[in-house]
Amino acid sequence: MLKKLVISAIATGAIALSSVFGTTTEASAATATNYKTTKYVSSYDGSLNVRASASASSKLVVTVKNNSKVYTSKKQVKNGTTWVYGSVKGKSGWMNAKYLSSKKVKKTSNANGSSLISYGARFQGVPYVWGGTTPRGFDCSGFTSYVYKNVTGKTLPRTSGAQYASSKKISRSQLQPGDLVFYSVGSSRITHVALYAGNGQVLHAAGSKVHYQSMYTYWDRYEVGYGRY
């Protein structure tokens, strides 16, 4: 009887220690599924962080550029985000699957991109006004229309939905400064448009004013398409 109690105590202790020193990691890894394929880095700003574990706050292993080839081996979904484990540039780690593509990024350009952003940036702080189309106050599509008209001479349709419908559709990986990013917030239709400013940012009339904002925060979940004129 005493022998059984001793064995039970040892087993219990081993379980407790393993939960501290690594069993939780193994359990987490066990949720991953096999995913052997070849992908290419395809991100907004031209690079992707490879992490030690499936978390954006995990230790950085390496940062790789667009079109870097990734050899994947497994994937898992964590907090609604799909992560892929693979090797790239001689390093291995976890990558957000959203920024991987089955094809290389095609290099395209918007010749007026820099001019559109530098001109639009002049209006930072101009108040958001529903239906506004002038520097006294802009709404989202009023702002993009005004910038395009004054830089390129092109007349864009008045609403964000119409701008999306008439634009040349491009992929997220093809985004260049000056392209348009379209959103649908609380609706099945296009409800917002912004200028892509490069480096993962947009310049738009949103909230209370015209300003720059990261694409990776609030707006990320509402993106529905990208267009070029």
# chains A, B, ... in the order shown; residues from 1 in each chain; ligands from 1

call {"tool": "residues_around", "arguments": {"residues": "range 134-150 of chain A", "least_positions_apart": "3", "cutoff": "7 Å", "atoms": "only C-alpha atoms", "output": "number ranges by chain"}}
result
A: 116, 119-120, 123, 126-131, 153-156, 158-160, 192-195, 204-206

call {"tool": "select_by_dssp", "arguments": {"residues": "chain A", "states": "strand (DSSP E)", "output": "number ranges by chain"}}
result
A: 33-41, 47-51, 60-65, 69-78, 81-88, 91-96, 100-101, 133-134, 137-138, 168-170, 180-183, 192-198, 201-206, 209-214, 223-228

call {"tool": "residues_around", "arguments": {"residues": "Tyr218 in chain A", "least_positions_apart": "5", "cutoff": "12 Å", "atoms": "only C-alpha atoms", "output": "MDAnalysis selection string"}}
result
chainID A and resid 183 185 206:207 213 223

call {"tool": "closest_residue", "arguments": {"among": "A:Ile117, A:Ala197, A:Gly46, A:Tyr229", "to": "Ala165 in chain A", "atoms": "only C-alpha atoms"}}
result
A:Tyr229

call {"tool": "closest_residue", "arguments": {"among": "A:Ser73, A:Ser42, A:Ser187, A:Ser87", "to": "Val224 in chain A", "atoms": "only C-alpha atoms"}}
result
A:Ser187

call {"tool": "residues_around", "arguments": {"residues": "Tyr71 in chain A", "least_positions_apart": "3", "cutoff": "7 Å", "atoms": "only C-alpha atoms", "output": "list in words"}}
result
Thr37, Thr38, Lys39, Gly86, Ser87 and Val88 of chain A

call {"tool": "write_last_selection", "arguments": {"atoms": "N, CA and C atoms", "output": "PDB file, in the first residue's frame"}}
result
ATOM      1  N   THR A  37       4.130  22.693 -47.793  1.00  0.00           N
ATOM      2  CA  THR A  37       3.965  23.350 -49.079  1.00  0.00           C
ATOM      3  C   THR A  37       5.017  24.449 -49.204  1.00  0.00           C
ATOM      4  N   THR A  38       5.020  25.116 -50.341  1.00  0.00           N
ATOM      5  CA  THR A  38       5.950  26.223 -50.564  1.00  0.00           C
ATOM      6  C   THR A  38       5.159  27.514 -50.726  1.00  0.00           C
ATOM      7  N   LYS A  39       5.549  28.544 -49.993  1.00  0.00           N
ATOM      8  CA  LYS A  39       4.885  29.833 -50.047  1.00  0.00           C
ATOM      9  C   LYS A  39       5.909  30.935 -50.287  1.00  0.00           C
ATOM     10  N   GLY A  86       7.619  27.242 -40.637  1.00  0.00           N
ATOM     11  CA  GLY A  86       8.406  26.865 -41.793  1.00  0.00           C
ATOM     12  C   GLY A  86       9.804  27.423 -41.733  1.00  0.00           C
ATOM     13  N   SER A  87      10.589  27.144 -42.770  1.00  0.00           N
ATOM     14  CA  SER A  87      11.957  27.632 -42.855  1.00  0.00           C
ATOM     15  C   SER A  87      12.092  28.621 -44.009  1.00  0.00           C
ATOM     16  N   VAL A  88      12.893  29.664 -43.778  1.00  0.00           N
ATOM     17  CA  VAL A  88      13.107  30.696 -44.780  1.00  0.00           C
ATOM     18  C   VAL A  88      14.468  31.340 -44.520  1.00  0.00           C
TER      19      VAL A  88
END

call {"tool": "atom_distance", "arguments": {"atom1": "CA of Ser102 in chain A", "atom2": "CA of Ser114 in chain A"}}
result
29.2 Å

call {"tool": "select_by_dssp", "arguments": {"residues": "range 117-162 of chain A", "states": "helix (DSSP H, G or I)", "output": "PDB file with N, CA, C and O atoms, in the first residue's frame"}}
result
ATOM      1  N   ILE A 117       0.366  61.093 -52.228  1.00  0.00           N
ATOM      2  CA  ILE A 117       0.486  61.065 -50.773  1.00  0.00           C
ATOM      3  C   ILE A 117       1.014  62.386 -50.231  1.00  0.00           C
ATOM      4  O   ILE A 117       0.509  62.900 -49.225  1.00  0.00           O
ATOM      5  N   SER A 118       2.032  62.947 -50.875  1.00  0.00           N
ATOM      6  CA  SER A 118       2.585  64.207 -50.370  1.00  0.00           C
ATOM      7  C   SER A 118       1.562  65.333 -50.463  1.00  0.00           C
ATOM      8  O   SER A 118       1.482  66.186 -49.573  1.00  0.00           O
ATOM      9  N   TYR A 119       0.740  65.307 -51.524  1.00  0.00           N
ATOM     10  CA  TYR A 119      -0.301  66.334 -51.645  1.00  0.00           C
ATOM     11  C   TYR A 119      -1.402  66.098 -50.603  1.00  0.00           C
ATOM     12  O   TYR A 119      -1.837  67.023 -49.918  1.00  0.00           O
ATOM     13  N   GLY A 120      -1.828  64.849 -50.475  1.00  0.00           N
ATOM     14  CA  GLY A 120      -2.872  64.548 -49.504  1.00  0.00           C
ATOM     15  C   GLY A 120      -2.465  64.857 -48.082  1.00  0.00           C
ATOM     16  O   GLY A 120      -3.291  65.248 -47.246  1.00  0.00           O
ATOM     17  N   ALA A 121      -1.162  64.701 -47.784  1.00  0.00           N
ATOM     18  CA  ALA A 121      -0.671  64.949 -46.424  1.00  0.00           C
ATOM     19  C   ALA A 121      -0.810  66.409 -46.008  1.00  0.00           C
ATOM     20  O   ALA A 121      -0.810  66.721 -44.815  1.00  0.00           O
ATOM     21  N   ARG A 122      -0.940  67.303 -46.981  1.00  0.00           N
ATOM     22  CA  ARG A 122      -1.132  68.730 -46.662  1.00  0.00           C
ATOM     23  C   ARG A 122      -2.415  68.964 -45.864  1.00  0.00           C
ATOM     24  O   ARG A 122      -2.535  69.951 -45.142  1.00  0.00           O
ATOM     25  N   PHE A 123      -3.348  68.039 -46.018  1.00  0.00           N
ATOM     26  CA  PHE A 123      -4.666  68.252 -45.420  1.00  0.00           C
ATOM     27  C   PHE A 123      -4.846  67.508 -44.097  1.00  0.00           C
ATOM     28  O   PHE A 123      -5.970  67.380 -43.609  1.00  0.00           O
ATOM     29  N   CYS A 140     -14.629  60.496 -46.625  1.00  0.00           N
ATOM     30  CA  CYS A 140     -13.570  59.625 -47.153  1.00  0.00           C
ATOM     31  C   CYS A 140     -13.401  59.713 -48.661  1.00  0.00           C
ATOM     32  O   CYS A 140     -12.293  59.922 -49.169  1.00  0.00           O
ATOM     33  N   SER A 141     -14.495  59.561 -49.401  1.00  0.00           N
ATOM     34  CA  SER A 141     -14.402  59.574 -50.861  1.00  0.00           C
ATOM     35  C   SER A 141     -14.234  60.991 -51.405  1.00  0.00           C
ATOM     36  O   SER A 141     -13.661  61.177 -52.480  1.00  0.00           O
ATOM     37  N   GLY A 142     -14.711  61.971 -50.648  1.00  0.00           N
ATOM     38  CA  GLY A 142     -14.494  63.362 -51.030  1.00  0.00           C
ATOM     39  C   GLY A 142     -13.008  63.693 -50.996  1.00  0.00           C
ATOM     40  O   GLY A 142     -12.481  64.411 -51.857  1.00  0.00           O
ATOM     41  N   PHE A 143     -12.312  63.123 -50.007  1.00  0.00           N
ATOM     42  CA  PHE A 143     -10.875  63.348 -49.861  1.00  0.00           C
ATOM     43  C   PHE A 143     -10.101  62.683 -50.999  1.00  0.00           C
ATOM     44  O   PHE A 143      -9.266  63.317 -51.651  1.00  0.00           O
ATOM     45  N   THR A 144     -10.380  61.410 -51.271  1.00  0.00           N
ATOM     46  CA  THR A 144      -9.645  60.728 -52.338  1.00  0.00           C
ATOM     47  C   THR A 144      -9.920  61.368 -53.698  1.00  0.00           C
ATOM     48  O   THR A 144      -9.010  61.514 -54.519  1.00  0.00           O
ATOM     49  N   SER A 145     -11.163  61.767 -53.916  1.00  0.00           N
ATOM     50  CA  SER A 145     -11.514  62.421 -55.184  1.00  0.00           C
ATOM     51  C   SER A 145     -10.757  63.732 -55.352  1.00  0.00           C
ATOM     52  O   SER A 145     -10.218  64.020 -56.433  1.00  0.00           O
ATOM     53  N   TYR A 146     -10.703  64.509 -54.291  1.00  0.00           N
ATOM     54  CA  TYR A 146     -10.042  65.823 -54.337  1.00  0.00           C
ATOM     55  C   TYR A 146      -8.552  65.665 -54.614  1.00  0.00           C
ATOM     56  O   TYR A 146      -7.978  66.382 -55.436  1.00  0.00           O
ATOM     57  N   VAL A 147      -7.924  64.721 -53.936  1.00  0.00           N
ATOM     58  CA  VAL A 147      -6.489  64.498 -54.117  1.00  0.00           C
ATOM     59  C   VAL A 147      -6.189  64.036 -55.537  1.00  0.00           C
ATOM     60  O   VAL A 147      -5.288  64.566 -56.205  1.00  0.00           O
ATOM     61  N   TYR A 148      -6.940  63.071 -56.028  1.00  0.00           N
ATOM     62  CA  TYR A 148      -6.707  62.568 -57.379  1.00  0.00           C
ATOM     63  C   TYR A 148      -6.933  63.658 -58.425  1.00  0.00           C
ATOM     64  O   TYR A 148      -6.165  63.772 -59.387  1.00  0.00           O
ATOM     65  N   LYS A 149      -7.965  64.446 -58.266  1.00  0.00           N
ATOM     66  CA  LYS A 149      -8.282  65.494 -59.236  1.00  0.00           C
ATOM     67  C   LYS A 149      -7.165  66.517 -59.326  1.00  0.00           C
ATOM     68  O   LYS A 149      -6.760  66.943 -60.419  1.00  0.00           O
ATOM     69  N   ASN A 150      -6.617  66.898 -58.184  1.00  0.00           N
ATOM     70  CA  ASN A 150      -5.609  67.951 -58.158  1.00  0.00           C
ATOM     71  C   ASN A 150      -4.202  67.469 -58.490  1.00  0.00           C
ATOM     72  O   ASN A 150      -3.343  68.271 -58.855  1.00  0.00           O
ATOM     73  N   VAL A 151      -3.955  66.183 -58.360  1.00  0.00           N
ATOM     74  CA  VAL A 151      -2.626  65.651 -58.678  1.00  0.00           C
ATOM     75  C   VAL A 151      -2.578  65.046 -60.064  1.00  0.00           C
ATOM     76  O   VAL A 151      -1.626  65.280 -60.818  1.00  0.00           O
ATOM     77  N   THR A 152      -3.585  64.288 -60.433  1.00  0.00           N
ATOM     78  CA  THR A 152      -3.557  63.572 -61.713  1.00  0.00           C
ATOM     79  C   THR A 152      -4.517  64.129 -62.762  1.00  0.00           C
ATOM     80  O   THR A 152      -4.413  63.771 -63.935  1.00  0.00           O
ATOM     81  N   SER A 160     -17.474  55.951 -52.262  1.00  0.00           N
ATOM     82  CA  SER A 160     -16.467  54.902 -52.120  1.00  0.00           C
ATOM     83  C   SER A 160     -16.858  53.648 -52.899  1.00  0.00           C
ATOM     84  O   SER A 160     -16.013  52.997 -53.520  1.00  0.00           O
ATOM     85  N   GLY A 161     -18.143  53.309 -52.902  1.00  0.00           N
ATOM     86  CA  GLY A 161     -18.602  52.141 -53.641  1.00  0.00           C
ATOM     87  C   GLY A 161     -18.387  52.289 -55.134  1.00  0.00           C
ATOM     88  O   GLY A 161     -17.963  51.348 -55.815  1.00  0.00           O
ATOM     89  N   ALA A 162     -18.669  53.475 -55.651  1.00  0.00           N
ATOM     90  CA  ALA A 162     -18.499  53.716 -57.082  1.00  0.00           C
ATOM     91  C   ALA A 162     -17.017  53.764 -57.452  1.00  0.00           C
ATOM     92  O   ALA A 162     -16.618  53.323 -58.534  1.00  0.00           O
TER      93      ALA A 162
END

call {"tool": "atom_distance", "arguments": {"atom1": "CA of Ser92 in chain A", "atom2": "CA of Gln176 in chain A"}}
result
29.2 Å

call {"tool": "atom_distance", "arguments": {"atom1": "CA of Tyr40 in chain A", "atom2": "CA of Ala111 in chain A"}}
result
25.6 Å

call {"tool": "closest_residue", "arguments": {"among": "A:Arg221, A:Gly113, A:Thr31, A:Ser58", "to": "Ser184 in chain A", "atoms": "only C-alpha atoms"}}
result
A:Arg221

call {"tool": "residues_around", "arguments": {"residues": "Gly93 in chain A", "least_positions_apart": "2", "cutoff": "12 Å", "atoms": "only C-alpha atoms", "output": "CSV table (one decimal) with C-alpha atoms, in the first residue's frame"}}
result
chain,number,residue,atom,x,y,z
A,48,LEU,CA,7.5,39.7,-42.6
A,49,ASN,CA,8.6,38.9,-39.1
A,50,VAL,CA,9.4,35.3,-38.3
A,51,ARG,CA,8.6,34.5,-34.6
A,52,ALA,CA,9.8,31.8,-32.2
A,53,SER,CA,6.2,30.9,-31.4
A,54,ALA,CA,2.7,31.5,-32.9
A,55,SER,CA,2.3,35.0,-31.4
A,56,ALA,CA,3.0,38.5,-32.6
A,58,SER,CA,6.9,36.2,-29.4
A,59,LYS,CA,10.7,36.6,-29.8
A,60,LEU,CA,11.7,37.7,-33.3
A,61,VAL,CA,13.8,35.2,-35.2
A,62,VAL,CA,14.4,37.1,-38.4
A,63,THR,CA,12.7,39.6,-40.7
A,64,VAL,CA,12.5,38.5,-44.4
A,70,VAL,CA,9.1,29.7,-47.3
A,71,TYR,CA,9.1,25.9,-46.9
A,72,THR,CA,6.2,25.2,-44.5
A,73,SER,CA,5.7,22.1,-42.4
A,74,LYS,CA,2.7,22.8,-40.1
A,75,LYS,CA,0.1,25.3,-39.2
A,83,TRP,CA,0.0,30.7,-38.1
A,84,VAL,CA,2.4,28.7,-40.3
A,85,TYR,CA,5.7,27.1,-39.2
A,86,GLY,CA,8.4,26.9,-41.8
A,87,SER,CA,12.0,27.6,-42.9
A,88,VAL,CA,13.1,30.7,-44.8
A,89,LYS,CA,16.6,32.1,-45.4
A,90,GLY,CA,18.1,29.3,-43.3
A,91,LYS,CA,15.9,30.2,-40.3
A,95,MET,CA,4.7,33.3,-39.6
A,96,ASN,CA,1.3,34.9,-39.9
